[in-house]
Amino acid sequence: MRFSWMALAILLAVSFWGPRAGLWLAACGIPWTLGAIILFRNGSSQVVSAASDHVLRSTAVQVSLAVQLFVGWWLVHLFTIHGALLYLVWGAALWLVLTLARKEEWLVSVLRNGTTVVVAVLVAAVGVELLLRVPALQQRLGTPTELAAWSSRYDGLEKQNVLGIRSPYEDVRRDPETLRILALGDSYTWGDLVADADSVWPARLEAHVHQEFPERLAQVVNMGFKGFTTANEAEWLRRVGWQFDPDLVVVQFEANDALPSYPGLKREGGDWLIPQRRLLPSRLAKGAAGHSALYKLLVDGLNRFLNRSYDYPALLKKLSDPSEPTWFAFRDAIHEMADSASARAVPAVLMIFPRLVPGTWNAGSHPLGGIYERVRNEARSAGLYVLDLTPVFAAENGDPRRWHATPYDSHPNARANAIATAALARYLTERGLLEQAWQHAAQRSGEGRRPPTDRRTPSTH
C-alpha cells in the first residue's frame with residue numbers, strides 16, 4: 001500500500017504540473033498527505049490492512065468497487081485524467097481514515113450509498129444531455145454541438161482568401177474602369193451565423209450596383225472581421241484597405257465597437273464589460289463535460305443569476321462617454337478614417353447598424369439610441385457621411401426577433417441584411433455618393449491602366 005501511495009504521488013505531480021500548479025497540487029496534496037501520515041505511521045498501516053481485508057470480503061463492497069472503476073473511466077472522459085485523479089485520491093484518503101478508525105460499517109455504507117448517488121447523478125446527467133441534443137432543442141438553445149456545426153455551414157469563402165476576409169477579392173490590382181467599394185465592420189459585416197456570404201450586406205450591395213448599372217463593373221470587398229472594433233477597422237484600413245485603392249468606403253458600426261483596442265488589431269471582448277464565470281476549472285473543462293449542452297445550460301444560468309444586476313445598455317453607453325478613454329480611441333479612429341478618405345477624395349460612409357433588441361422601440365426610444373446619436377454627431381463632425389439604420393428597422397414594426405440569425409443569437413439574418421442593403425443603396429444614390437464613386441473610378445480610367453505589379457495580395461505592414 002505504501003508503494004502504491006508513493007506511485008500515486010508521482011502520478012499526481014506529473015499530471016498536475018504546469019501553469020497554476022500550486023492550487024491543483026494543494027487540492028490533491030491535502031488528501032494525499034493525510035493518507036501518507038496514516039500509512040507511514042507505526043502500526044497504522046497494519047490496522048488499515050486488516051480492516052481493508054475484512055471490508056473487501058463483502059460482495060456488496062466488491063460490486064461497489066467495480067462500479068467505481070467504471071465511474072472512474074467515465075470521469076476521465078468527462079473531466080480528463082485530472083478529474084479522475086482528484087476523485088481517486090480523495091476517495092482513497094476517506095477509505096484510509098475510516099479503516100484506521102475501524103469504522104468498517106461506515107465505510108461499507110459510504111461506499112454503497114456513494115456509489116448509488118454517483119451512478120444516479122451520472123445517469124441523470126447523461127439523460128439530460130441526450131435530451132438537449134435533440135436537433136430542435138440544439139437549434140433553439142445554441143448548444144456547443146450546434147455552434148460547432150456552423151463551421152461546416154458557412155460557404156468557406158474566407159478560407160479561400162489569402163487575407164482571411166469573406167470576399168472573393170484579394171488582388172490589390174484592379175481594372176481602372178471597375179468601381180471598387182470597401183466594406184469595413186465587425187461580425188455584422190462578416191455575416192456571423194449567415195451561411196451564404198451572398199446574403200450579407202456587402203455582397204448584396206454589389207448585386208444591387210450590378211443591377212442598377214449592368215453595363216459597368218463593380219466590386220464590393222467585404223473586409224469585416226468578427227470582433228473588430230472601430231479602432232481595429234481604422235488600423236486595417238490604414239495597413240491593408242487603402243492598398244485596394246477604393247472609390248468608396250462604407251464603415252459599419254455596432255454599439256460595442258468602442259471596446260478597448262490595442263495596436264496589432266488586438267481588442268477586448270464582451271467579457272470586458274460583463275465578466276463570465278465558469279463552473280469548471282480549465283483543466284476539467286477540457287473533457288466532454290466542458291463541451292456538453294448541459295454544462296452550457298448550467299453556466300448560462302449561473303451567469304444570468306450572478307450578472308442580474310448588470311445594466312448592459314448602460315455599460316455600452318459608458319463606452320461612448322466623452323470622459324472615457326474608450327471614446328477617445330473611437331473618436332481618433334473615426335477621424336483617422338475620415339481624414340485619410342478626404343485626402344484621397346474618396347467618399348466615406350459610417351453605417352450605424354442598430355442592435356436588434358427584442359421589444360417595441362422606434363428611432364427615438366431604442367435602448368442604445370444615446371450611443372447612436374453621439375456617434376452620428378462625432379462622425380459628421382469628422383467629415384463622414386452617416387446612415388443610421390435605426391429608423392429603417394423601426395419603420396418595419398413587428399417583433400425584432402424575426403431578424404435574428406438564430407433563436408439564440410441576435411446577429412442580423414439574411415432578411416435584416418436585405419433591409420440594410422436597400423437602405424444603404426438608397427442613401428448612396430440620394431446623396432450622389434455612387435455617382436462620386438463612379439467619377440473617381442472614371443478619373444482613374446482617364447489616367448490609363450496602371451502597369452501590373454508582381455504583388456497580387458496586399459502587405460499588412
# chains A, B, ... in the order shown; residues from 1 in each chain; ligands from 1
>>> select_by_dssp(residues="segment 253-454 of chain A", states="alpha helix (DSSP H)", output="PyMOL selection string")
chain A and resi 282-285+293-306+312-319+325-343+369-382+390-394+414-430+433-446
>>> residues_around(residues="Leu356 of chain A", least_positions_apart="6", cutoff="8 Å", atoms="only C-alpha atoms", output="PyMOL selection string")
chain A and resi 400-401+403-404+410-412
>>> closest_residue(among="A:Phe3, A:Tyr372, A:Trp32, A:Tyr312", to="Pro354 of chain A", atoms="only C-alpha atoms")
A:Tyr372
>>> select_by_dssp(residues="segment 171-358 of chain A", states="strand (DSSP E or B)", output="count of residues only")
26
>>> residues_around(residues="Leu237 of chain A", least_positions_apart="2", cutoff="12 Å", atoms="only C-alpha atoms", output="PyMOL selection string")
chain A and resi 182-185+221-224+230-235+239-246+249-251+265+333-334+336-341+348+458-461
>>> write_last_selection(atoms="N, CA, C and O atoms", output="compact mmCIF listing (two decimals), in the first residue's frame")
# COMPACT_ATOMS: atom_id res chain seq x y z
N LEU A 182 -15.03 49.45 -50.50
CA LEU A 182 -14.57 48.69 -49.32
C LEU A 182 -15.67 48.70 -48.27
O LEU A 182 -16.24 49.75 -47.96
N ALA A 183 -15.95 47.52 -47.69
CA ALA A 183 -16.90 47.39 -46.59
C ALA A 183 -16.13 46.97 -45.35
O ALA A 183 -15.56 45.87 -45.30
N LEU A 184 -16.06 47.87 -44.36
CA LEU A 184 -15.37 47.58 -43.11
C LEU A 184 -16.40 47.39 -42.01
O LEU A 184 -17.45 48.03 -42.02
N GLY A 185 -16.10 46.51 -41.06
CA GLY A 185 -17.04 46.31 -39.97
C GLY A 185 -16.67 45.12 -39.11
O GLY A 185 -15.59 44.54 -39.23
N VAL A 221 -15.68 44.82 -51.64
CA VAL A 221 -14.75 43.95 -50.92
C VAL A 221 -15.16 43.92 -49.44
O VAL A 221 -15.09 44.93 -48.75
N ASN A 222 -15.59 42.76 -48.99
CA ASN A 222 -16.01 42.60 -47.60
C ASN A 222 -14.79 42.42 -46.72
O ASN A 222 -14.15 41.37 -46.71
N MET A 223 -14.44 43.47 -45.96
CA MET A 223 -13.29 43.42 -45.06
C MET A 223 -13.73 43.37 -43.60
O MET A 223 -13.00 43.79 -42.71
N GLY A 224 -14.94 42.86 -43.36
CA GLY A 224 -15.41 42.72 -41.99
C GLY A 224 -14.73 41.56 -41.29
O GLY A 224 -14.41 40.54 -41.91
N THR A 230 -13.97 49.70 -33.93
CA THR A 230 -13.75 50.78 -34.89
C THR A 230 -12.26 51.10 -35.00
O THR A 230 -11.75 51.39 -36.08
N ALA A 231 -11.54 51.03 -33.88
CA ALA A 231 -10.09 51.27 -33.91
C ALA A 231 -9.39 50.20 -34.74
O ALA A 231 -8.44 50.49 -35.48
N ASN A 232 -9.82 48.94 -34.62
CA ASN A 232 -9.26 47.87 -35.45
C ASN A 232 -9.51 48.13 -36.92
O ASN A 232 -8.64 47.92 -37.78
N GLU A 233 -10.71 48.61 -37.22
CA GLU A 233 -11.06 48.89 -38.61
C GLU A 233 -10.22 50.02 -39.19
O GLU A 233 -9.80 49.96 -40.35
N ALA A 234 -9.95 51.03 -38.37
CA ALA A 234 -9.10 52.12 -38.83
C ALA A 234 -7.68 51.61 -39.11
O ALA A 234 -7.05 51.99 -40.12
N GLU A 235 -7.18 50.75 -38.25
CA GLU A 235 -5.84 50.19 -38.47
C GLU A 235 -5.82 49.30 -39.71
O GLU A 235 -4.87 49.34 -40.50
N ARG A 239 -3.50 49.80 -42.97
CA ARG A 239 -2.48 48.81 -43.33
C ARG A 239 -2.81 48.05 -44.60
O ARG A 239 -1.90 47.66 -45.35
N VAL A 240 -4.09 47.79 -44.85
CA VAL A 240 -4.48 46.93 -45.97
C VAL A 240 -5.48 47.60 -46.90
O VAL A 240 -5.32 47.58 -48.13
N GLY A 241 -6.50 48.20 -46.34
CA GLY A 241 -7.62 48.67 -47.14
C GLY A 241 -7.25 49.64 -48.24
O GLY A 241 -7.69 49.48 -49.40
N TRP A 242 -6.43 50.62 -47.94
CA TRP A 242 -6.11 51.62 -48.96
C TRP A 242 -5.27 51.05 -50.08
O TRP A 242 -5.22 51.62 -51.18
N GLN A 243 -4.62 49.92 -49.85
CA GLN A 243 -3.87 49.28 -50.93
C GLN A 243 -4.78 48.78 -52.05
O GLN A 243 -4.34 48.56 -53.17
N PHE A 244 -6.08 48.60 -51.73
CA PHE A 244 -7.04 48.20 -52.75
C PHE A 244 -7.52 49.38 -53.59
O PHE A 244 -8.26 49.19 -54.55
N ASP A 245 -7.08 50.60 -53.21
CA ASP A 245 -7.38 51.80 -53.99
C ASP A 245 -8.89 51.93 -54.26
O ASP A 245 -9.32 51.97 -55.42
N PRO A 246 -9.71 52.02 -53.22
CA PRO A 246 -11.17 52.04 -53.42
C PRO A 246 -11.68 53.40 -53.90
O PRO A 246 -11.01 54.42 -53.76
N VAL A 249 -15.83 54.02 -49.44
CA VAL A 249 -15.63 53.22 -48.23
C VAL A 249 -16.90 53.29 -47.38
O VAL A 249 -17.42 54.39 -47.14
N VAL A 250 -17.37 52.13 -46.92
CA VAL A 250 -18.51 52.07 -46.00
C VAL A 250 -18.05 51.37 -44.74
O VAL A 250 -17.55 50.23 -44.78
N VAL A 251 -18.19 52.05 -43.59
CA VAL A 251 -17.78 51.50 -42.30
C VAL A 251 -19.03 51.22 -41.49
O VAL A 251 -19.82 52.13 -41.22
N LEU A 265 -4.21 45.06 -34.13
CA LEU A 265 -5.58 44.58 -34.31
C LEU A 265 -6.08 43.80 -33.10
O LEU A 265 -6.96 42.94 -33.21
N ALA A 333 -10.14 57.03 -34.13
CA ALA A 333 -10.28 56.10 -35.26
C ALA A 333 -11.21 56.68 -36.32
O ALA A 333 -10.92 56.60 -37.53
N ILE A 334 -12.31 57.26 -35.89
CA ILE A 334 -13.26 57.86 -36.83
C ILE A 334 -12.59 58.99 -37.61
O ILE A 334 -12.71 59.08 -38.85
N GLU A 336 -9.38 59.47 -38.08
CA GLU A 336 -8.31 58.95 -38.96
C GLU A 336 -8.89 58.45 -40.27
O GLU A 336 -8.36 58.76 -41.36
N MET A 337 -9.97 57.69 -40.21
CA MET A 337 -10.57 57.16 -41.44
C MET A 337 -11.13 58.29 -42.29
O MET A 337 -10.99 58.28 -43.52
N ALA A 338 -11.76 59.28 -41.64
CA ALA A 338 -12.32 60.40 -42.40
C ALA A 338 -11.22 61.21 -43.07
O ALA A 338 -11.34 61.59 -44.25
N ASP A 339 -10.14 61.47 -42.35
CA ASP A 339 -9.04 62.27 -42.91
C ASP A 339 -8.36 61.55 -44.06
O ASP A 339 -8.02 62.16 -45.09
N SER A 340 -8.12 60.24 -43.89
CA SER A 340 -7.44 59.50 -44.96
C SER A 340 -8.33 59.38 -46.19
O SER A 340 -7.83 59.42 -47.33
N ALA A 341 -9.64 59.28 -46.00
CA ALA A 341 -10.55 59.23 -47.15
C ALA A 341 -10.60 60.58 -47.85
O ALA A 341 -10.57 60.66 -49.09
N ALA A 348 -16.67 58.53 -47.82
CA ALA A 348 -16.71 57.50 -46.78
C ALA A 348 -17.99 57.64 -45.99
O ALA A 348 -18.38 58.75 -45.60
N PRO A 458 -2.09 42.27 -50.77
CA PRO A 458 -1.52 43.42 -50.07
C PRO A 458 -0.64 43.04 -48.91
O PRO A 458 -0.77 41.98 -48.32
N SER A 459 0.26 43.93 -48.61
CA SER A 459 1.06 43.78 -47.40
C SER A 459 0.26 44.26 -46.21
O SER A 459 -0.52 45.20 -46.31
N THR A 460 0.43 43.61 -45.08
CA THR A 460 -0.30 44.02 -43.88
C THR A 460 0.58 44.84 -42.96
O THR A 460 0.25 45.04 -41.80
N HIS A 461 1.73 45.27 -43.44
CA HIS A 461 2.65 46.04 -42.59
C HIS A 461 2.54 47.53 -42.91
O HIS A 461 2.19 47.91 -44.00
>>> residues_around(residues="segment 107-124 of chain A", least_positions_apart="5", cutoff="9 Å", atoms="only C-alpha atoms", output="mmCIF file with N, CA, C and O atoms, in the first residue's frame")
data_model
loop_
_atom_site.group_PDB
_atom_site.id
_atom_site.type_symbol
_atom_site.label_atom_id
_atom_site.label_comp_id
_atom_site.auth_asym_id
_atom_site.auth_seq_id
_atom_site.Cartn_x
_atom_site.Cartn_y
_atom_site.Cartn_z
ATOM 1 N N VAL A 55 -13.257 -5.645 5.062
ATOM 2 C CA VAL A 55 -14.285 -4.965 4.265
ATOM 3 C C VAL A 55 -14.382 -5.580 2.875
ATOM 4 O O VAL A 55 -15.484 -5.755 2.328
ATOM 5 N N SER A 58 -16.769 -8.463 1.632
ATOM 6 C CA SER A 58 -18.184 -8.226 1.342
ATOM 7 C C SER A 58 -18.419 -8.174 -0.171
ATOM 8 O O SER A 58 -17.714 -7.467 -0.897
ATOM 9 N N ALA A 60 -21.005 -6.918 -1.605
ATOM 10 C CA ALA A 60 -21.529 -5.591 -1.928
ATOM 11 C C ALA A 60 -20.396 -4.595 -2.148
ATOM 12 O O ALA A 60 -20.452 -3.742 -3.054
ATOM 13 N N VAL A 61 -19.347 -4.697 -1.323
ATOM 14 C CA VAL A 61 -18.196 -3.800 -1.479
ATOM 15 C C VAL A 61 -17.475 -4.087 -2.790
ATOM 16 O O VAL A 61 -17.064 -3.169 -3.514
ATOM 17 N N VAL A 63 -18.739 -5.314 -5.517
ATOM 18 C CA VAL A 63 -19.550 -4.794 -6.622
ATOM 19 C C VAL A 63 -19.427 -3.270 -6.695
ATOM 20 O O VAL A 63 -19.285 -2.681 -7.777
ATOM 21 N N SER A 64 -19.471 -2.625 -5.522
ATOM 22 C CA SER A 64 -19.369 -1.159 -5.481
ATOM 23 C C SER A 64 -18.033 -0.687 -6.041
ATOM 24 O O SER A 64 -17.973 0.303 -6.783
ATOM 25 N N LEU A 65 -16.968 -1.390 -5.701
ATOM 26 C CA LEU A 65 -15.646 -1.002 -6.214
ATOM 27 C C LEU A 65 -15.566 -1.193 -7.723
ATOM 28 O O LEU A 65 -14.941 -0.381 -8.426
ATOM 29 N N VAL A 67 -18.063 -0.937 -9.752
ATOM 30 C CA VAL A 67 -18.822 0.181 -10.319
ATOM 31 C C VAL A 67 -17.991 1.460 -10.250
ATOM 32 O O VAL A 67 -18.004 2.282 -11.174
ATOM 33 N N GLN A 68 -17.242 1.629 -9.160
ATOM 34 C CA GLN A 68 -16.409 2.819 -9.010
ATOM 35 C C GLN A 68 -15.314 2.871 -10.077
ATOM 36 O O GLN A 68 -14.957 3.952 -10.559
ATOM 37 N N VAL A 71 -17.020 4.191 -13.002
ATOM 38 C CA VAL A 71 -17.228 5.632 -12.813
ATOM 39 C C VAL A 71 -15.931 6.390 -13.074
ATOM 40 O O VAL A 71 -15.918 7.449 -13.703
ATOM 41 N N TRP A 74 -15.409 6.876 -16.691
ATOM 42 C CA TRP A 74 -16.262 7.940 -17.190
ATOM 43 C C TRP A 74 -15.737 9.309 -16.783
ATOM 44 O O TRP A 74 -15.827 10.277 -17.542
ATOM 45 N N LEU A 94 -10.355 8.916 2.159
ATOM 46 C CA LEU A 94 -11.511 8.617 3.015
ATOM 47 C C LEU A 94 -11.493 7.160 3.449
ATOM 48 O O LEU A 94 -11.785 6.835 4.610
ATOM 49 N N TRP A 95 -11.141 6.266 2.542
ATOM 50 C CA TRP A 95 -11.027 4.838 2.864
ATOM 51 C C TRP A 95 -10.010 4.627 3.990
ATOM 52 O O TRP A 95 -10.284 3.896 4.952
ATOM 53 N N LEU A 98 -11.351 5.923 7.458
ATOM 54 C CA LEU A 98 -12.394 5.096 8.058
ATOM 55 C C LEU A 98 -11.873 3.734 8.487
ATOM 56 O O LEU A 98 -12.293 3.195 9.522
ATOM 57 N N THR A 99 -10.950 3.158 7.727
ATOM 58 C CA THR A 99 -10.395 1.860 8.140
ATOM 59 C C THR A 99 -9.493 2.027 9.351
ATOM 60 O O THR A 99 -9.457 1.150 10.227
ATOM 61 N N ARG A 102 -11.459 2.037 12.328
ATOM 62 C CA ARG A 102 -12.206 0.792 12.440
ATOM 63 C C ARG A 102 -13.719 1.030 12.295
ATOM 64 O O ARG A 102 -14.535 0.448 13.003
ATOM 65 N N GLU A 129 -28.395 15.305 -21.049
ATOM 66 C CA GLU A 129 -27.522 15.657 -22.184
ATOM 67 C C GLU A 129 -28.090 15.131 -23.493
ATOM 68 O O GLU A 129 -28.119 15.850 -24.501
#
>>> atom_distance(atom1="atom CA of Ile81 of chain A", atom2="atom CA of Ser45 of chain A")
27.8 Å
>>> residues_around(residues="Asn377 of chain A", least_positions_apart="5", cutoff="12 Å", atoms="only C-alpha atoms", output="PyMOL selection string")
chain A and resi 320+331+334+350+352+370-372+382-388
>>> residues_around(residues="segment 195-202 of chain A", least_positions_apart="6", cutoff="10 Å", atoms="only C-alpha atoms", output="PyMOL selection string")
chain A and resi 150-158+166-168+181-184+188-189+208+219-224+250+405+412-422+424
>>> write_last_selection(atoms="N, CA, C and O atoms", output="compact mmCIF listing (two decimals), in the first residue's frame")
# COMPACT_ATOMS: atom_id res chain seq x y z
N TRP A 150 -21.65 25.18 -37.18
CA TRP A 150 -21.63 26.32 -38.09
C TRP A 150 -20.36 26.40 -38.92
O TRP A 150 -20.34 26.99 -40.00
N SER A 151 -19.29 25.81 -38.43
CA SER A 151 -18.05 25.84 -39.20
C SER A 151 -18.20 25.14 -40.55
O SER A 151 -17.51 25.47 -41.51
N SER A 152 -19.13 24.19 -40.62
CA SER A 152 -19.36 23.48 -41.88
C SER A 152 -20.53 24.07 -42.66
O SER A 152 -20.73 23.73 -43.83
N ARG A 153 -21.31 24.94 -42.03
CA ARG A 153 -22.46 25.54 -42.72
C ARG A 153 -22.06 26.75 -43.55
O ARG A 153 -22.70 27.07 -44.54
N TYR A 154 -21.00 27.44 -43.13
CA TYR A 154 -20.55 28.59 -43.89
C TYR A 154 -20.04 28.16 -45.26
O TYR A 154 -19.57 27.03 -45.43
N ASP A 155 -20.10 29.07 -46.20
CA ASP A 155 -19.64 28.74 -47.55
C ASP A 155 -18.13 28.63 -47.65
O ASP A 155 -17.60 28.17 -48.66
N GLY A 156 -17.40 29.04 -46.62
CA GLY A 156 -15.94 28.88 -46.60
C GLY A 156 -15.19 29.85 -47.47
O GLY A 156 -14.00 29.64 -47.77
N LEU A 157 -15.83 30.95 -47.83
CA LEU A 157 -15.17 31.91 -48.72
C LEU A 157 -13.91 32.48 -48.09
O LEU A 157 -12.90 32.70 -48.77
N GLU A 158 -13.96 32.71 -46.77
CA GLU A 158 -12.81 33.30 -46.09
C GLU A 158 -11.61 32.36 -46.06
O GLU A 158 -10.46 32.81 -45.95
N ARG A 166 -14.00 37.54 -45.91
CA ARG A 166 -15.10 36.80 -46.54
C ARG A 166 -15.48 37.47 -47.87
O ARG A 166 -16.54 38.05 -48.02
N SER A 167 -14.56 37.37 -48.80
CA SER A 167 -14.72 38.05 -50.08
C SER A 167 -13.96 37.29 -51.15
O SER A 167 -12.93 36.67 -50.87
N PRO A 168 -14.43 37.34 -52.39
CA PRO A 168 -13.67 36.70 -53.48
C PRO A 168 -12.49 37.53 -53.95
O PRO A 168 -11.71 37.08 -54.78
N ILE A 181 -15.56 49.24 -53.95
CA ILE A 181 -16.07 49.73 -52.66
C ILE A 181 -15.51 48.83 -51.57
O ILE A 181 -15.52 47.60 -51.69
N LEU A 182 -15.03 49.45 -50.50
CA LEU A 182 -14.57 48.69 -49.32
C LEU A 182 -15.67 48.70 -48.27
O LEU A 182 -16.24 49.75 -47.96
N ALA A 183 -15.95 47.52 -47.69
CA ALA A 183 -16.90 47.39 -46.59
C ALA A 183 -16.13 46.97 -45.35
O ALA A 183 -15.56 45.87 -45.30
N LEU A 184 -16.06 47.87 -44.36
CA LEU A 184 -15.37 47.58 -43.11
C LEU A 184 -16.40 47.39 -42.01
O LEU A 184 -17.45 48.03 -42.02
N TYR A 188 -21.19 41.81 -37.90
CA TYR A 188 -22.37 42.13 -38.70
C TYR A 188 -22.00 42.21 -40.18
O TYR A 188 -22.77 41.82 -41.05
N THR A 189 -20.81 42.74 -40.46
CA THR A 189 -20.35 42.83 -41.84
C THR A 189 -19.79 41.50 -42.32
O THR A 189 -20.00 41.10 -43.48
N HIS A 208 -26.70 44.82 -56.05
CA HIS A 208 -27.56 45.97 -56.36
C HIS A 208 -26.89 46.89 -57.39
O HIS A 208 -27.55 47.34 -58.34
N GLN A 219 -17.00 46.08 -57.72
CA GLN A 219 -16.58 45.12 -56.70
C GLN A 219 -16.83 45.74 -55.32
O GLN A 219 -16.47 46.89 -55.09
N VAL A 220 -17.45 44.97 -54.44
CA VAL A 220 -17.57 45.36 -53.04
C VAL A 220 -16.76 44.37 -52.23
O VAL A 220 -17.10 43.18 -52.16
N VAL A 221 -15.68 44.82 -51.64
CA VAL A 221 -14.75 43.95 -50.92
C VAL A 221 -15.16 43.92 -49.44
O VAL A 221 -15.09 44.93 -48.75
N ASN A 222 -15.59 42.76 -48.99
CA ASN A 222 -16.01 42.60 -47.60
C ASN A 222 -14.79 42.42 -46.72
O ASN A 222 -14.15 41.37 -46.71
N MET A 223 -14.44 43.47 -45.96
CA MET A 223 -13.29 43.42 -45.06
C MET A 223 -13.73 43.37 -43.60
O MET A 223 -13.00 43.79 -42.71
N GLY A 224 -14.94 42.86 -43.36
CA GLY A 224 -15.41 42.72 -41.99
C GLY A 224 -14.73 41.56 -41.29
O GLY A 224 -14.41 40.54 -41.91
N VAL A 250 -17.37 52.13 -46.92
CA VAL A 250 -18.51 52.07 -46.00
C VAL A 250 -18.05 51.37 -44.74
O VAL A 250 -17.55 50.23 -44.78
N ALA A 405 -30.47 35.99 -36.50
CA ALA A 405 -29.91 34.89 -37.30
C ALA A 405 -30.37 33.54 -36.79
O ALA A 405 -30.63 32.63 -37.59
N PRO A 412 -27.84 39.91 -37.23
CA PRO A 412 -28.84 40.05 -38.30
C PRO A 412 -28.82 38.89 -39.28
O PRO A 412 -27.75 38.45 -39.71
N ASN A 413 -30.01 38.41 -39.62
CA ASN A 413 -30.11 37.33 -40.59
C ASN A 413 -30.13 37.89 -42.02
O ASN A 413 -29.94 39.10 -42.23
N ALA A 414 -30.35 37.01 -42.97
CA ALA A 414 -30.35 37.43 -44.38
C ALA A 414 -31.42 38.49 -44.64
O ALA A 414 -31.18 39.43 -45.41
N ARG A 415 -32.57 38.35 -44.01
CA ARG A 415 -33.65 39.31 -44.21
C ARG A 415 -33.24 40.69 -43.70
O ARG A 415 -33.49 41.71 -44.36
N ALA A 416 -32.62 40.73 -42.53
CA ALA A 416 -32.16 42.01 -41.98
C ALA A 416 -31.08 42.62 -42.86
O ALA A 416 -31.04 43.85 -43.06
N ASN A 417 -30.20 41.79 -43.39
CA ASN A 417 -29.17 42.28 -44.30
C ASN A 417 -29.78 42.87 -45.57
O ASN A 417 -29.28 43.85 -46.12
N ALA A 418 -30.86 42.26 -46.04
CA ALA A 418 -31.53 42.79 -47.23
C ALA A 418 -32.13 44.17 -46.96
O ALA A 418 -32.04 45.08 -47.79
N ILE A 419 -32.72 44.35 -45.78
CA ILE A 419 -33.29 45.65 -45.41
C ILE A 419 -32.18 46.70 -45.32
O ILE A 419 -32.32 47.82 -45.82
N ALA A 420 -31.07 46.33 -44.68
CA ALA A 420 -29.95 47.26 -44.54
C ALA A 420 -29.38 47.63 -45.91
O ALA A 420 -29.05 48.80 -46.16
N THR A 421 -29.26 46.66 -46.79
CA THR A 421 -28.70 46.93 -48.11
C THR A 421 -29.58 47.88 -48.91
O THR A 421 -29.08 48.81 -49.57
N ALA A 422 -30.89 47.64 -48.87
CA ALA A 422 -31.81 48.51 -49.60
C ALA A 422 -31.70 49.95 -49.10
O ALA A 422 -31.67 50.90 -49.90
N LEU A 424 -29.08 51.32 -47.57
CA LEU A 424 -27.76 51.84 -47.91
C LEU A 424 -27.71 52.24 -49.39
O LEU A 424 -27.19 53.32 -49.73
>>> residues_around(residues="Pro367 of chain A", least_positions_apart="4", cutoff="12 Å", atoms="only C-alpha atoms", output="NGL selection string")
:A and (255 or 311-317 or 354-363 or 371-373 or 390)
>>> atom_distance(atom1="atom CA of Glu268 of chain A", atom2="atom CA of Trp236 of chain A")
16.6 Å
